[in-house]
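Since the structure comes first, as structure tokens, the remarks are kept for the end.
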Amino acid sequence: MRLFTIQSFWSVIILCTYAAAEAEIYVSPQGSPTNPGTQAAPLDNLESARDMLRTLRQNKPDGLGESATVWIDEGVYVLTKPLILNADDSGSTKYPVTYTALPGKKVLLLGGQPLFPEHFVPVAEESVLQR
């Protein structure tokens, strides 16, 4: 049986930690666009998360250099304009970017403004009813 030295042990730990490095950004309907995107202080929308990943990538000479996950908390997200993701936003085969709901959470993305029933009233004008 071969024994590891303390130095070998820490080298393995450091390498494993480096290999598992991943950028994580959190999004919640209760978040804020000025938050840092952590689990305790999430961003408020997917566009802010995408922009944060783009900034992280621009600030590193070799791109992001790690996988990234955007964790989406439960709730309804109203997209008032299209969320545009291009090839750069997907990461790479080695370092993919994933957008996913937090485990066990339900996320609803609405591609427009919701219509609420309280804004509608029955048509009462006779000429309109005759059509």
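Chain lettering (A, B, ...) mirrors the order of the structure tokens, residue numbering begins at 1 for each chain separately, and ligand numbering begins at 1 in order of display.
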*asked:* Just want the 12 Å neighbourhood of Pro33 of chain A, counted on only C-alpha atoms, with same-chain residues fewer than 2 positions away dropped. Output as a ChimeraX atom specification.
replied: /A:26-31,35-38,41-52
_Selection near Glu24 of chain A, 10 Å with only C-alpha atoms, sequence-local residues under 2 positions removed, as a PyMOL selection string_ = chain A and resi 21-22+26+37-39+49+53+67-71+97-98
*Quick one: residues within 9 Å of Lys106 of chain A, only C-alpha atoms counted, chain neighbours fewer than 5 positions away excluded, as a list of chain:residue names?*
A:Asp73, A:Glu74, A:Gly75, A:Val76, A:Ala101
*To one decimal place, how far is atom CA of Pro122 of chain A from atom CA of Leu110 of chain A in Å?*
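A separation of 25.9 Å between them.
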*asked:* What's around Val78 of chain A at 7 Å? Count only C-alpha atoms, leave out sequence neighbours fewer than 4 positions away in its own chain, and write the answer as a ChimeraX atom specification.
replied: /A:109-113
Kindly export the residues of the current selection with C-alpha atoms, as a PDB file, in the first residue's frame.
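Final output, again.pdb:
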```
ATOM      1  CA  LEU A 109     -41.154  32.355 -18.388  1.00  0.00           C
ATOM      2  CA  LEU A 110     -43.778  34.596 -20.015  1.00  0.00           C
ATOM      3  CA  GLY A 111     -42.879  36.067 -23.379  1.00  0.00           C
ATOM      4  CA  GLY A 112     -45.084  39.126 -23.054  1.00  0.00           C
ATOM      5  CA  GLN A 113     -47.177  41.105 -20.645  1.00  0.00           C
TER       6      GLN A 113
END
```
